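As structure tokens, the structure follows; a few thoughts come after it.
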Amino acid sequence: GEDVQFWLRRGTQHLDGVDLNSLAARWKVIVPELRRTFGAEVHFQQAPLEQLPFADESFDVIASAAVLEHVQNLEAISAESARVLKSGGVAWHSFGPLYFSFGADHCIAAYGDDCGYDHLLLTEEQYLSKINDQAFFDRQPNSNLPFWARHNQFSFASAREYLAVFQKYFHVRHVVAKISGPGLRFRDRFPDKWQRLRTAGIAEEDLLIKGISIVLEKRRAD
């Protein structure tokens with residue numbers, strides 16, 4: 001995949017990948033190809049991010065893409081990432097959509113631009129009725145859109161909450177906040193709905209920040 005090859009093309013000589021699911025059949029095929037193409041040591045294994053199967057201070061760099069929006073124990077994952085990073089090592093994460101942004105449940109926006117915040121506006125009964133309408137999603141280009149919502153696999157953390165946890169273990173070196181274009185258009189087109197969201201106590205920044213890219217540096221030992 002592109003996430004792996006991004007690092008190998010830049011001269012990485014040893015790469016370890018983990019996934020919550022076992023993709024052993026696929027790994028058996030691609031690992032020899034990657035090793036042959038890039039001349040690097042490449043390994044993949046199944047493991048939860050809260051319990052990484054590596055020794056302390058094993059890595060110079062940790063990277064993830066489109067992962068942290070789905071984890072619920074940010075504290076444990078941040079601590080574990082810091083444990084396996086060398087002193088002064090770098091963690092790079094790109095993640096989103098954050099749950100309070102437009103279409104952040106991955107599926108509700110399929111009902112139309114006016115429904116992009118329905119995961120926050122609807123009652124639980126109304127919301128479940130929509131995400132469990134498989135006949136509707138079977139008519140979409142990707143019929144599996146509701147998977148994450150049906151399994152409640154979101155972190156539900158705001159951008160500030162992510163930063164607060166990261167700062168316990170790392171120096172924050174760079175942050176890019178990605179603003180939702182559909183969210184901005186929704187705010188302009190549906191002011192009554194937008195006011196309902198704000199009245200519910202949701203900060204405007206949480207409604208508009210759809211994702212974050214961040215570079216963290218592990219604090220050096222004294």
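The chains in the structure tokens are called A, B, ... from first to last as shown; in each chain the residues are counted from 1, and the ligands are counted from 1 in the order shown.
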Long-range neighbours of A:Val67 as a PyMOL selection string, 7 Å cut-off, only C-alpha atoms, 3 positions minimum in chain: chain A and resi 64+70+95
Distance criterion (only C-alpha atoms): nearest to A:Pro141 out of A:Leu184, A:Ala164, A:Ala110, A:Gly88: A:Ala110
Residue neighbourhood stretch 9-23 of chain A, 7 Å, only C-alpha atoms, exclusion window fewer than 4 positions, as a PyMOL selection string: chain A and resi 5+27+40-48
Could you save the residues just selected, with C-alpha atoms, as a compact mmCIF listing (two decimals), in the first residue's frame?
```
# COMPACT_ATOMS: atom_id res chain seq x y z
CA GLN A 5 5.81 2.40 0.12
CA TRP A 27 1.24 -10.31 3.92
CA ALA A 40 14.67 -3.51 3.01
CA GLU A 41 13.65 -5.68 5.94
CA VAL A 42 9.84 -5.63 6.05
CA HIS A 43 7.62 -7.37 8.59
CA PHE A 44 3.90 -7.29 9.35
CA GLN A 45 1.98 -8.75 12.27
CA GLN A 46 -1.35 -8.58 14.04
CA ALA A 47 -1.36 -6.56 17.27
CA PRO A 48 -3.45 -3.99 19.15
```
Backbone-only DSSP, alpha helix (DSSP H) members of stretch 32-127 of chain A, as a VMD selection string: chain A and resid 32 to 38 74 to 84 118 to 121 124 to 127
Who sits within 6 Å of stretch 143-150 of chain A, only C-alpha atoms, same chain under 4 positions skipped, as a ChimeraX atom specification: /A:105,107,131,137-138
